[in-house]
Amino acid sequence: MRFDAAVLRSYESRFTVEEVSLKAGPAEGEILVRIAGCGMCRTDLAVRRSAGRSPLPAVLGHEGAGVVAKTGGPDTGLSVGDHVVLSFDSCGRCRNCLGAAPAYCDSFASLNLFGGRRENAARFTDAAGGELAPRWFGQSSFAEYAMVPARNAVRVSPSLPLELLGPLGCGFLTGAGAIWNSFGVGPGDTVAVFGAGAVGLAALMAATASGAMTVAVDRHPERLALAERFHAIPLHASSAGLPDRIRRLTDGGARYALDTTGSAQLINDALRALRPTGHLGLVARLHTALPLEPGTLDRGRRISHICEGDAVPGLLIPRLTGLWQAGLFPFDQLIRMYPLADINEAERDCDAGRVVKPVLVPERTSR
C-alpha cells in the first residue's frame, strides 16, 4: 500500500511529505495502524544532532494514536477498529521487561533510537524504492499509517478524542510517570519541576492530582503562566537565590525535584533546593559532563536518571485518560494541532517555544 509520510532525508534538511510504500501487511505480532494524530517530541528533533547514529532517510514520530487497520493474527490481542495509543518499543523477553520495567529493556537503544527492528525492514520504502530506516520507536508515525509491534499499542475507549491522545505514549507519560512511579508522590509532598515544557507540565498536573504542593521553574513567562494555571508556584529560572526561595516556599526544601532541561546550573540549583533525603530525577539526555557543586549531594540527597517515567504504558495510559475525563489531567490544554503537511511549521514553533506540544494530523490520501 502507498500513503503519505513526512521523511527526513538529511540532518540539515526540512521534512518532506512524500509518498511511501509498505510492501507487505503486518507480520505475526504486528498491527497496521491508521494514524489519527502524532505528537512532535524533542526526541524527534534531536535526531538532527545525533551525529550519524540515527540512519537517514527515515520517517520519525513516536507519539502516535490511531485505529487498527490490520492485524498480524489473533495473538496480537487487538482487533481491526480498535483505538490505540502507541508507545515505545521493547523486546518483552529480557530481565527488565519481565520485571515490569520495559523502559530499561536491554534492547531499548537498538529498538527505539537507531532505526528500530531489523526484521522486514525493507518493506518500508520511498516512491523510488529506496529503503527508509524502519520504525522509529517502533512506530515512524509522522505518517498516515504505521506498522507497529502489538506490544507497543494500548487500547483506549473509542469515546476519547483519539487525535489528541498520542503524546500520552511518551512526553506526558514521562512527566506523569516520574511523579507516580519514580517518586511515589502523595498528598502533602512537595515537588519542584525545572522546565515547564510538555514533560514538566505533565509532571506538575500529575503532582497536583496527587495532592502535592508544586513549584515550577522556567525562563519563559508564558510557560510559567501555564504552570500557574495548573496550581504551581511560578519562579523564573534566573531568580536570585533560587534554591533558597524554593526551600522557603516548601518549608525546608522540596522532597522531590524533576529536571527536564539538562542545564548543569539548574540541576545544581535543584539539588540545593531539596530537603535532606530528597530525590532529584533527570529526564533530559546530558551531552556534556555534569559538574556537581560541593554540598549538593550532602545529607542523603540523591540523583537518578528516569527513562519514560519508569512506566508500563498499558497501566499508565488508562490512568491518564481516566484523570483527563475527571478534569484532573488537562493535557489537551497543551496541544496545538497541525496538518501533517505543516510539519516544518510545527518544528519551528516547537523550537521557538511558541507551542508546548504540536500534534500532526494526517490527511487521508492513502492509495
# chains A, B, ... in the order shown; residues from 1 in each chain; ligands from 1

$ closest_atom_pairs --of "stretch 150-195 of chain A" --to "stretch 342-356 of chain A" --cutoff "12 Å" --atoms "only C-alpha atoms" --output "JSON lines"
{"residue": "A:Pro167", "atom": "CA", "partner": "A:Val356", "partner_atom": "CA", "distance": 11.2}
{"residue": "A:Gly171", "atom": "CA", "partner": "A:Val356", "partner_atom": "CA", "distance": 10.6}
{"residue": "A:Phe172", "atom": "CA", "partner": "A:Val356", "partner_atom": "CA", "distance": 11.2}
{"residue": "A:Gly195", "atom": "CA", "partner": "A:Val356", "partner_atom": "CA", "distance": 11.4}

$ closest_residue --among "A:Ala202, A:Ala153, A:Ala69, A:Leu274" --to "A:Pro243" --atoms "only C-alpha atoms"
A:Leu274

$ closest_residue --among "A:Met147, A:Leu32, A:Leu235, A:Val312" --to "A:Ser90" --atoms "only C-alpha atoms"
A:Val312

$ closest_atom_pairs --of "stretch 247-363 of chain A" --to "stretch 177-184 of chain A" --cutoff "12 Å" --atoms "only C-alpha atoms" --output "JSON lines"
{"residue": "A:Arg255", "atom": "CA", "partner": "A:Phe183", "partner_atom": "CA", "distance": 9.3}
{"residue": "A:Tyr256", "atom": "CA", "partner": "A:Phe183", "partner_atom": "CA", "distance": 7.1}
{"residue": "A:Ala257", "atom": "CA", "partner": "A:Phe183", "partner_atom": "CA", "distance": 9.2}
{"residue": "A:Leu258", "atom": "CA", "partner": "A:Ala178", "partner_atom": "CA", "distance": 7.9}
{"residue": "A:Asp259", "atom": "CA", "partner": "A:Ala178", "partner_atom": "CA", "distance": 10.5}
{"residue": "A:Thr260", "atom": "CA", "partner": "A:Ala178", "partner_atom": "CA", "distance": 11.0}
{"residue": "A:Gly278", "atom": "CA", "partner": "A:Phe183", "partner_atom": "CA", "distance": 9.9}
{"residue": "A:His279", "atom": "CA", "partner": "A:Phe183", "partner_atom": "CA", "distance": 7.7}
{"residue": "A:Leu280", "atom": "CA", "partner": "A:Phe183", "partner_atom": "CA", "distance": 9.1}
{"residue": "A:Gly281", "atom": "CA", "partner": "A:Ala178", "partner_atom": "CA", "distance": 7.7}
{"residue": "A:Leu282", "atom": "CA", "partner": "A:Ala178", "partner_atom": "CA", "distance": 9.3}
{"residue": "A:Val283", "atom": "CA", "partner": "A:Ala178", "partner_atom": "CA", "distance": 8.7}
{"residue": "A:Arg302", "atom": "CA", "partner": "A:Phe183", "partner_atom": "CA", "distance": 11.8}
{"residue": "A:Ile303", "atom": "CA", "partner": "A:Ser182", "partner_atom": "CA", "distance": 11.5}
{"residue": "A:Ser304", "atom": "CA", "partner": "A:Ser182", "partner_atom": "CA", "distance": 9.4}
{"residue": "A:His305", "atom": "CA", "partner": "A:Ser182", "partner_atom": "CA", "distance": 9.6}
{"residue": "A:Ile306", "atom": "CA", "partner": "A:Ala178", "partner_atom": "CA", "distance": 6.9}
{"residue": "A:Cys307", "atom": "CA", "partner": "A:Ala178", "partner_atom": "CA", "distance": 8.5}
{"residue": "A:Glu308", "atom": "CA", "partner": "A:Gly177", "partner_atom": "CA", "distance": 7.3}
{"residue": "A:Gly309", "atom": "CA", "partner": "A:Gly177", "partner_atom": "CA", "distance": 3.9}
{"residue": "A:Asp310", "atom": "CA", "partner": "A:Asn181", "partner_atom": "CA", "distance": 6.0}
{"residue": "A:Ala311", "atom": "CA", "partner": "A:Gly177", "partner_atom": "CA", "distance": 5.7}
{"residue": "A:Val312", "atom": "CA", "partner": "A:Gly177", "partner_atom": "CA", "distance": 9.0}
{"residue": "A:Pro313", "atom": "CA", "partner": "A:Gly177", "partner_atom": "CA", "distance": 9.4}
{"residue": "A:Leu315", "atom": "CA", "partner": "A:Gly177", "partner_atom": "CA", "distance": 10.4}
{"residue": "A:Leu316", "atom": "CA", "partner": "A:Gly177", "partner_atom": "CA", "distance": 7.4}
{"residue": "A:Ile317", "atom": "CA", "partner": "A:Gly177", "partner_atom": "CA", "distance": 9.7}
{"residue": "A:Arg319", "atom": "CA", "partner": "A:Gly177", "partner_atom": "CA", "distance": 10.4}
{"residue": "A:Leu320", "atom": "CA", "partner": "A:Gly177", "partner_atom": "CA", "distance": 9.8}

$ write_last_selection --atoms "N, CA, C and O atoms" --output "JSON list (two decimals), in the first residue's frame"
[["chain", "number", "residue", "atom", "x", "y", "z"],
["A", 255, "ARG", "N", 10.72, 17.76, 48.60],
["A", 255, "ARG", "CA", 11.04, 16.35, 48.77],
["A", 255, "ARG", "C", 11.50, 15.73, 47.47],
["A", 255, "ARG", "O", 12.35, 14.84, 47.45],
["A", 256, "TYR", "N", 10.92, 16.23, 46.35],
["A", 256, "TYR", "CA", 11.27, 15.72, 45.03],
["A", 256, "TYR", "C", 11.50, 16.89, 44.08],
["A", 256, "TYR", "O", 10.84, 17.93, 44.20],
["A", 257, "ALA", "N", 12.43, 16.70, 43.16],
["A", 257, "ALA", "CA", 12.64, 17.67, 42.08],
["A", 257, "ALA", "C", 12.81, 16.90, 40.78],
["A", 257, "ALA", "O", 13.40, 15.82, 40.76],
["A", 258, "LEU", "N", 12.29, 17.48, 39.71],
["A", 258, "LEU", "CA", 12.41, 16.87, 38.38],
["A", 258, "LEU", "C", 13.02, 17.91, 37.46],
["A", 258, "LEU", "O", 12.50, 19.01, 37.33],
["A", 259, "ASP", "N", 14.14, 17.56, 36.82],
["A", 259, "ASP", "CA", 14.76, 18.45, 35.86],
["A", 259, "ASP", "C", 14.53, 17.93, 34.45],
["A", 259, "ASP", "O", 14.86, 16.78, 34.14],
["A", 260, "THR", "N", 13.98, 18.79, 33.60],
["A", 260, "THR", "CA", 13.74, 18.42, 32.20],
["A", 260, "THR", "C", 14.62, 19.23, 31.26],
["A", 260, "THR", "O", 14.48, 19.11, 30.05],
["A", 278, "GLY", "N", 16.12, 14.15, 49.98],
["A", 278, "GLY", "CA", 15.33, 14.44, 48.79],
["A", 278, "GLY", "C", 15.89, 13.75, 47.56],
["A", 278, "GLY", "O", 17.05, 13.32, 47.51],
["A", 279, "HIS", "N", 15.06, 13.65, 46.53],
["A", 279, "HIS", "CA", 15.39, 12.91, 45.31],
["A", 279, "HIS", "C", 15.20, 13.81, 44.11],
["A", 279, "HIS", "O", 14.13, 14.38, 43.90],
["A", 280, "LEU", "N", 16.26, 13.95, 43.31],
["A", 280, "LEU", "CA", 16.20, 14.67, 42.04],
["A", 280, "LEU", "C", 16.21, 13.66, 40.90],
["A", 280, "LEU", "O", 17.09, 12.80, 40.82],
["A", 281, "GLY", "N", 15.24, 13.76, 39.99],
["A", 281, "GLY", "CA", 15.20, 12.93, 38.80],
["A", 281, "GLY", "C", 15.53, 13.75, 37.57],
["A", 281, "GLY", "O", 15.07, 14.89, 37.43],
["A", 282, "LEU", "N", 16.32, 13.18, 36.67],
["A", 282, "LEU", "CA", 16.68, 13.82, 35.41],
["A", 282, "LEU", "C", 16.02, 13.06, 34.27],
["A", 282, "LEU", "O", 16.09, 11.83, 34.23],
["A", 283, "VAL", "N", 15.39, 13.77, 33.35],
["A", 283, "VAL", "CA", 14.81, 13.10, 32.19],
["A", 283, "VAL", "C", 15.51, 13.49, 30.90],
["A", 283, "VAL", "O", 15.40, 12.77, 29.90],
["A", 302, "ARG", "N", 19.81, 12.49, 46.70],
["A", 302, "ARG", "CA", 20.25, 11.60, 45.64],
["A", 302, "ARG", "C", 19.73, 12.07, 44.30],
["A", 302, "ARG", "O", 18.79, 12.87, 44.22],
["A", 303, "ILE", "N", 20.37, 11.55, 43.25],
["A", 303, "ILE", "CA", 20.05, 11.94, 41.89],
["A", 303, "ILE", "C", 19.98, 10.68, 41.03],
["A", 303, "ILE", "O", 20.77, 9.75, 41.23],
["A", 304, "SER", "N", 19.01, 10.61, 40.13],
["A", 304, "SER", "CA", 18.88, 9.45, 39.26],
["A", 304, "SER", "C", 18.36, 9.89, 37.90],
["A", 304, "SER", "O", 17.75, 10.96, 37.78],
["A", 305, "HIS", "N", 18.61, 9.07, 36.90],
["A", 305, "HIS", "CA", 18.02, 9.31, 35.58],
["A", 305, "HIS", "C", 16.72, 8.51, 35.46],
["A", 305, "HIS", "O", 16.64, 7.37, 35.92],
["A", 306, "ILE", "N", 15.72, 9.12, 34.84],
["A", 306, "ILE", "CA", 14.40, 8.50, 34.67],
["A", 306, "ILE", "C", 14.12, 8.36, 33.18],
["A", 306, "ILE", "O", 14.15, 9.36, 32.44],
["A", 307, "CYS", "N", 13.84, 7.17, 32.73],
["A", 307, "CYS", "CA", 13.52, 6.92, 31.32],
["A", 307, "CYS", "C", 12.03, 6.59, 31.18],
["A", 307, "CYS", "O", 11.53, 5.70, 31.88],
["A", 308, "GLU", "N", 11.35, 7.32, 30.33],
["A", 308, "GLU", "CA", 9.93, 7.06, 30.02],
["A", 308, "GLU", "C", 9.07, 6.97, 31.29],
["A", 308, "GLU", "O", 8.09, 6.23, 31.35],
["A", 309, "GLY", "N", 9.45, 7.75, 32.30],
["A", 309, "GLY", "CA", 8.64, 7.79, 33.52],
["A", 309, "GLY", "C", 8.55, 6.46, 34.25],
["A", 309, "GLY", "O", 7.62, 6.24, 35.02],
["A", 310, "ASP", "N", 9.55, 5.56, 34.03],
["A", 310, "ASP", "CA", 9.52, 4.24, 34.68],
["A", 310, "ASP", "C", 8.17, 3.56, 34.44],
["A", 310, "ASP", "O", 7.68, 2.80, 35.30],
["A", 311, "ALA", "N", 7.57, 3.81, 33.29],
["A", 311, "ALA", "CA", 6.17, 3.41, 33.07],
["A", 311, "ALA", "C", 6.03, 2.07, 32.39],
["A", 311, "ALA", "O", 6.84, 1.68, 31.55],
["A", 312, "VAL", "N", 4.96, 1.39, 32.73],
["A", 312, "VAL", "CA", 4.39, 0.32, 31.91],
["A", 312, "VAL", "C", 3.22, 0.98, 31.18],
["A", 312, "VAL", "O", 2.19, 1.27, 31.79],
["A", 313, "PRO", "N", 3.37, 1.27, 29.88],
["A", 313, "PRO", "CA", 2.35, 2.07, 29.19],
["A", 313, "PRO", "C", 0.94, 1.51, 29.32],
["A", 313, "PRO", "O", -0.03, 2.29, 29.45],
["A", 315, "LEU", "N", -0.47, 0.24, 31.73],
["A", 315, "LEU", "CA", -1.06, 0.60, 33.02],
["A", 315, "LEU", "C", -1.23, 2.10, 33.18],
["A", 315, "LEU", "O", -2.24, 2.57, 33.71],
["A", 316, "LEU", "N", -0.23, 2.86, 32.73],
["A", 316, "LEU", "CA", -0.26, 4.30, 32.98],
["A", 316, "LEU", "C", -1.19, 5.05, 32.03],
["A", 316, "LEU", "O", -1.88, 5.99, 32.45],
["A", 317, "ILE", "N", -1.21, 4.68, 30.77],
["A", 317, "ILE", "CA", -2.04, 5.43, 29.81],
["A", 317, "ILE", "C", -3.53, 5.40, 30.20],
["A", 317, "ILE", "O", -4.19, 6.45, 30.18],
["A", 319, "ARG", "N", -4.71, 5.23, 33.15],
["A", 319, "ARG", "CA", -4.82, 6.11, 34.32],
["A", 319, "ARG", "C", -4.87, 7.57, 33.88],
["A", 319, "ARG", "O", -5.67, 8.36, 34.42],
["A", 320, "LEU", "N", -4.05, 7.93, 32.90],
["A", 320, "LEU", "CA", -4.03, 9.32, 32.42],
["A", 320, "LEU", "C", -5.34, 9.69, 31.73],
["A", 320, "LEU", "O", -5.86, 10.80, 31.92]]

$ residues_around --residues "A:Asp89" --least-positions-apart "6" --cutoff "7 Å" --atoms "only C-alpha atoms" --output "MDAnalysis selection string"
chainID A and resid 111:112 137:138 152

$ atom_distance --atom1 "atom CA of A:Val215" --atom2 "atom CA of A:Ile246"
7.5 Å

$ select_by_dssp --residues "stretch 230-344 of chain A" --states "alpha helix (DSSP H)" --output "ChimeraX atom specification"
/A:242-249,264-273,313-325,343-344

$ atom_distance --atom1 "atom CA of A:Ala216" --atom2 "atom CA of A:Pro234"
4.9 Å

$ closest_atom_pairs --of "stretch 267-366 of chain A" --to "stretch 203-214 of chain A" --cutoff "10 Å" --atoms "only C-alpha atoms" --output "CSV"
residue,atom,partner,partner_atom,distance
A:Gly309,CA,A:Ala203,CA,9.7
A:Leu320,CA,A:Ala206,CA,8.8
A:Leu323,CA,A:Ala209,CA,8.3
A:Gly327,CA,A:Ala209,CA,9.6
A:Leu328,CA,A:Ala209,CA,5.9
A:Phe329,CA,A:Met205,CA,5.8
A:Pro330,CA,A:Met205,CA,7.6
A:Phe331,CA,A:Met205,CA,8.3

$ write_last_selection --atoms "all heavy atoms" --output "PDB file, in the first residue's frame"
ATOM      1  N   GLY A 309       9.450   7.750  32.303  1.00  0.00           N
ATOM      2  CA  GLY A 309       8.640   7.786  33.517  1.00  0.00           C
ATOM      3  C   GLY A 309       8.555   6.462  34.249  1.00  0.00           C
ATOM      4  O   GLY A 309       7.617   6.244  35.024  1.00  0.00           O
ATOM      5  N   LEU A 320      -4.047   7.934  32.903  1.00  0.00           N
ATOM      6  CA  LEU A 320      -4.030   9.319  32.423  1.00  0.00           C
ATOM      7  C   LEU A 320      -5.338   9.691  31.730  1.00  0.00           C
ATOM      8  O   LEU A 320      -5.860  10.795  31.924  1.00  0.00           O
ATOM      9  CB  LEU A 320      -2.850   9.514  31.474  1.00  0.00           C
ATOM     10  CG  LEU A 320      -1.462   9.364  32.091  1.00  0.00           C
ATOM     11  CD1 LEU A 320      -0.381   9.512  31.029  1.00  0.00           C
ATOM     12  CD2 LEU A 320      -1.252  10.365  33.216  1.00  0.00           C
ATOM     13  N   LEU A 323      -7.981  10.232  34.415  1.00  0.00           N
ATOM     14  CA  LEU A 323      -7.830  11.514  35.104  1.00  0.00           C
ATOM     15  C   LEU A 323      -8.241  12.674  34.200  1.00  0.00           C
ATOM     16  O   LEU A 323      -8.819  13.659  34.664  1.00  0.00           O
ATOM     17  CB  LEU A 323      -6.384  11.695  35.569  1.00  0.00           C
ATOM     18  CG  LEU A 323      -5.971  10.861  36.781  1.00  0.00           C
ATOM     19  CD1 LEU A 323      -4.472  10.952  37.005  1.00  0.00           C
ATOM     20  CD2 LEU A 323      -6.714  11.328  38.034  1.00  0.00           C
ATOM     21  N   GLY A 327     -11.223  15.622  34.715  1.00  0.00           N
ATOM     22  CA  GLY A 327     -10.801  17.011  34.776  1.00  0.00           C
ATOM     23  C   GLY A 327      -9.543  17.244  35.595  1.00  0.00           C
ATOM     24  O   GLY A 327      -9.225  18.397  35.935  1.00  0.00           O
ATOM     25  N   LEU A 328      -8.784  16.182  35.886  1.00  0.00           N
ATOM     26  CA  LEU A 328      -7.618  16.291  36.764  1.00  0.00           C
ATOM     27  C   LEU A 328      -6.288  16.218  36.026  1.00  0.00           C
ATOM     28  O   LEU A 328      -5.231  16.382  36.651  1.00  0.00           O
ATOM     29  CB  LEU A 328      -7.666  15.188  37.831  1.00  0.00           C
ATOM     30  CG  LEU A 328      -8.874  15.240  38.766  1.00  0.00           C
ATOM     31  CD1 LEU A 328      -8.883  14.031  39.692  1.00  0.00           C
ATOM     32  CD2 LEU A 328      -8.846  16.533  39.579  1.00  0.00           C
ATOM     33  N   PHE A 329      -6.319  15.975  34.727  1.00  0.00           N
ATOM     34  CA  PHE A 329      -5.086  15.920  33.941  1.00  0.00           C
ATOM     35  C   PHE A 329      -5.374  16.556  32.580  1.00  0.00           C
ATOM     36  O   PHE A 329      -5.472  15.876  31.564  1.00  0.00           O
ATOM     37  CB  PHE A 329      -4.606  14.468  33.790  1.00  0.00           C
ATOM     38  CG  PHE A 329      -3.199  14.336  33.261  1.00  0.00           C
ATOM     39  CD1 PHE A 329      -2.108  14.557  34.078  1.00  0.00           C
ATOM     40  CD2 PHE A 329      -2.973  13.983  31.932  1.00  0.00           C
ATOM     41  CE1 PHE A 329      -0.808  14.440  33.591  1.00  0.00           C
ATOM     42  CE2 PHE A 329      -1.683  13.866  31.433  1.00  0.00           C
ATOM     43  CZ  PHE A 329      -0.601  14.090  32.268  1.00  0.00           C
ATOM     44  N   PRO A 330      -5.506  17.892  32.526  1.00  0.00           N
ATOM     45  CA  PRO A 330      -5.987  18.577  31.309  1.00  0.00           C
ATOM     46  C   PRO A 330      -4.900  18.761  30.252  1.00  0.00           C
ATOM     47  O   PRO A 330      -4.595  19.877  29.822  1.00  0.00           O
ATOM     48  CB  PRO A 330      -6.488  19.914  31.864  1.00  0.00           C
ATOM     49  CG  PRO A 330      -5.623  20.171  33.060  1.00  0.00           C
ATOM     50  CD  PRO A 330      -5.363  18.823  33.670  1.00  0.00           C
ATOM     51  N   PHE A 331      -4.334  17.666  29.796  1.00  0.00           N
ATOM     52  CA  PHE A 331      -3.235  17.723  28.832  1.00  0.00           C
ATOM     53  C   PHE A 331      -3.636  18.362  27.519  1.00  0.00           C
ATOM     54  O   PHE A 331      -2.790  18.894  26.783  1.00  0.00           O
ATOM     55  CB  PHE A 331      -2.679  16.312  28.570  1.00  0.00           C
ATOM     56  CG  PHE A 331      -3.623  15.401  27.847  1.00  0.00           C
ATOM     57  CD1 PHE A 331      -3.645  15.359  26.468  1.00  0.00           C
ATOM     58  CD2 PHE A 331      -4.500  14.579  28.543  1.00  0.00           C
ATOM     59  CE1 PHE A 331      -4.520  14.518  25.792  1.00  0.00           C
ATOM     60  CE2 PHE A 331      -5.371  13.735  27.878  1.00  0.00           C
ATOM     61  CZ  PHE A 331      -5.392  13.708  26.499  1.00  0.00           C
TER      62      PHE A 331
END

$ select_by_dssp --residues "stretch 62-287 of chain A" --states "strand (DSSP E)" --output "VMD selection string"
chain A and resid 64 to 71 83 to 86 124 to 126 145 to 149 153 to 156 190 to 194 213 to 218 233 to 236 254 to 259 274 to 282

$ write_last_selection --atoms "N, CA and C atoms" --output "compact mmCIF listing (two decimals), in the first residue's frame"
# COMPACT_ATOMS: atom_id res chain seq x y z
N GLY A 64 2.25 8.45 18.42
CA GLY A 64 1.10 8.24 17.56
C GLY A 64 -0.11 7.68 18.28
N ALA A 65 -1.27 7.94 17.71
CA ALA A 65 -2.52 7.32 18.14
C ALA A 65 -3.36 7.12 16.89
N GLY A 66 -4.12 6.02 16.87
CA GLY A 66 -4.92 5.77 15.68
C GLY A 66 -5.81 4.55 15.82
N VAL A 67 -6.25 4.04 14.68
CA VAL A 67 -7.20 2.94 14.63
C VAL A 67 -6.53 1.74 13.96
N VAL A 68 -6.67 0.58 14.56
CA VAL A 68 -6.09 -0.63 13.99
C VAL A 68 -6.77 -0.93 12.65
N ALA A 69 -5.96 -0.99 11.59
CA ALA A 69 -6.48 -1.26 10.24
C ALA A 69 -6.32 -2.72 9.85
N LYS A 70 -5.22 -3.36 10.31
CA LYS A 70 -4.98 -4.77 10.06
C LYS A 70 -4.20 -5.34 11.23
N THR A 71 -4.32 -6.64 11.44
CA THR A 71 -3.54 -7.30 12.48
C THR A 71 -2.77 -8.47 11.89
N HIS A 83 -9.21 1.39 18.90
CA HIS A 83 -8.49 2.66 19.04
C HIS A 83 -7.30 2.42 19.96
N VAL A 84 -6.12 2.88 19.54
CA VAL A 84 -4.91 2.59 20.30
C VAL A 84 -4.03 3.83 20.41
N VAL A 85 -3.31 3.91 21.53
CA VAL A 85 -2.21 4.85 21.73
C VAL A 85 -0.92 4.06 21.62
N LEU A 86 0.05 4.60 20.88
CA LEU A 86 1.30 3.90 20.63
C LEU A 86 2.40 4.45 21.54
N PHE A 124 9.51 -1.09 3.97
CA PHE A 124 9.18 0.33 4.10
C PHE A 124 10.10 1.12 3.18
N THR A 125 9.58 1.64 2.06
CA THR A 125 10.41 2.29 1.06
C THR A 125 9.77 3.59 0.59
N ASP A 126 10.60 4.42 -0.06
CA ASP A 126 10.06 5.62 -0.68
C ASP A 126 9.53 5.31 -2.08
N TYR A 145 -0.07 5.98 8.07
CA TYR A 145 -0.12 4.64 8.66
C TYR A 145 1.21 4.33 9.34
N ALA A 146 1.15 3.45 10.32
CA ALA A 146 2.35 2.96 10.99
C ALA A 146 2.22 1.46 11.20
N MET A 147 3.32 0.75 10.97
CA MET A 147 3.39 -0.68 11.26
C MET A 147 4.06 -0.84 12.61
N VAL A 148 3.37 -1.46 13.55
CA VAL A 148 3.77 -1.38 14.96
C VAL A 148 3.74 -2.76 15.60
N PRO A 149 4.75 -3.12 16.40
CA PRO A 149 4.61 -4.32 17.24
C PRO A 149 3.41 -4.14 18.17
N ALA A 153 1.21 -1.01 21.58
CA ALA A 153 -0.11 -0.38 21.46
C ALA A 153 -0.95 -0.61 22.71
N VAL A 154 -1.63 0.44 23.15
CA VAL A 154 -2.52 0.37 24.31
C VAL A 154 -3.92 0.73 23.85
N ARG A 155 -4.86 -0.20 24.01
CA ARG A 155 -6.25 0.04 23.60
C ARG A 155 -6.87 1.10 24.49
N VAL A 156 -7.62 2.04 23.87
CA VAL A 156 -8.33 3.08 24.63
C VAL A 156 -9.78 3.11 24.17
N THR A 190 6.07 17.76 48.45
CA THR A 190 6.47 18.98 47.76
C THR A 190 7.34 18.60 46.56
N VAL A 191 7.02 19.20 45.41
CA VAL A 191 7.69 18.86 44.16
C VAL A 191 8.09 20.15 43.45
N ALA A 192 9.36 20.23 43.04
CA ALA A 192 9.85 21.33 42.22
C ALA A 192 10.18 20.79 40.84
N VAL A 193 9.63 21.41 39.81
CA VAL A 193 9.85 20.97 38.43
C VAL A 193 10.62 22.06 37.69
N PHE A 194 11.76 21.68 37.12
CA PHE A 194 12.62 22.61 36.40
C PHE A 194 12.44 22.37 34.90
N MET A 213 2.10 19.85 46.74
CA MET A 213 2.36 21.27 46.53
C MET A 213 3.51 21.37 45.52
N THR A 214 3.36 22.23 44.49
CA THR A 214 4.33 22.24 43.39
C THR A 214 4.91 23.63 43.15
N VAL A 215 6.15 23.63 42.68
CA VAL A 215 6.85 24.83 42.25
C VAL A 215 7.36 24.58 40.83
N ALA A 216 7.18 25.56 39.95
CA ALA A 216 7.65 25.45 38.56
C ALA A 216 8.72 26.48 38.29
N VAL A 217 9.81 26.04 37.64
CA VAL A 217 10.92 26.92 37.29
C VAL A 217 11.10 26.90 35.78
N ASP A 218 11.09 28.08 35.16
CA ASP A 218 11.29 28.17 33.72
C ASP A 218 11.76 29.57 33.40
N ILE A 233 3.44 27.14 41.90
CA ILE A 233 4.02 28.45 42.19
C ILE A 233 5.11 28.71 41.15
N PRO A 234 5.01 29.79 40.37
CA PRO A 234 5.97 30.01 39.28
C PRO A 234 7.19 30.79 39.77
N LEU A 235 8.38 30.35 39.33
CA LEU A 235 9.63 31.05 39.62
C LEU A 235 10.45 31.13 38.35
N HIS A 236 10.99 32.31 38.08
CA HIS A 236 11.84 32.45 36.89
C HIS A 236 13.18 31.79 37.14
N ALA A 254 12.18 20.99 48.89
CA ALA A 254 11.29 20.07 48.18
C ALA A 254 11.70 18.63 48.48
N ARG A 255 10.72 17.76 48.60
CA ARG A 255 11.04 16.35 48.77
C ARG A 255 11.50 15.73 47.47
N TYR A 256 10.92 16.23 46.35
CA TYR A 256 11.27 15.72 45.03
C TYR A 256 11.50 16.89 44.08
N ALA A 257 12.43 16.70 43.16
CA ALA A 257 12.64 17.67 42.08
C ALA A 257 12.81 16.90 40.78
N LEU A 258 12.29 17.48 39.71
CA LEU A 258 12.41 16.87 38.38
C LEU A 258 13.02 17.91 37.46
N ASP A 259 14.14 17.56 36.82
CA ASP A 259 14.76 18.45 35.86
C ASP A 259 14.53 17.93 34.45
N LEU A 274 16.50 20.75 47.51
CA LEU A 274 15.92 19.57 48.14
C LEU A 274 16.09 19.60 49.65
N ARG A 275 15.14 18.99 50.34
CA ARG A 275 15.31 18.75 51.77
C ARG A 275 16.23 17.55 51.95
N PRO A 276 16.75 17.31 53.15
CA PRO A 276 17.54 16.09 53.38
C PRO A 276 16.78 14.84 52.93
N THR A 277 17.49 13.93 52.34
CA THR A 277 16.98 12.67 51.75
C THR A 277 16.12 12.92 50.51
N GLY A 278 16.12 14.15 49.98
CA GLY A 278 15.33 14.44 48.79
C GLY A 278 15.89 13.75 47.56
N HIS A 279 15.06 13.65 46.53
CA HIS A 279 15.39 12.91 45.31
C HIS A 279 15.20 13.81 44.11
N LEU A 280 16.26 13.95 43.31
CA LEU A 280 16.20 14.67 42.04
C LEU A 280 16.21 13.66 40.90
N GLY A 281 15.24 13.76 39.99
CA GLY A 281 15.20 12.93 38.80
C GLY A 281 15.53 13.75 37.57
N LEU A 282 16.32 13.18 36.67
CA LEU A 282 16.68 13.82 35.41
C LEU A 282 16.02 13.06 34.27

$ residues_around --residues "A:Phe142" --least-positions-apart "6" --cutoff "10 Å" --atoms "only C-alpha atoms" --output "list of chain:residue names"
A:Asp4, A:Ala5, A:Ala6, A:Val7, A:Val17, A:Ile35, A:Gly37, A:Cys38, A:Gly39, A:Met40, A:Val59, A:Leu60, A:Gly61, A:His62, A:Glu63, A:Gly64, A:Trp136, A:Leu340, A:Ile343, A:Val359, A:Leu360, A:Val361, A:Pro362

$ atom_distance --atom1 "atom CA of A:Ile267" --atom2 "atom CA of A:Leu292"
8.3 Å

$ residues_around --residues "stretch 54-57 of chain A" --least-positions-apart "2" --cutoff "12 Å" --atoms "only C-alpha atoms" --output "VMD selection string"
chain A and resid 5 to 16 20 43 to 52 59 to 60 109 to 116 124 to 126 130 to 137 140
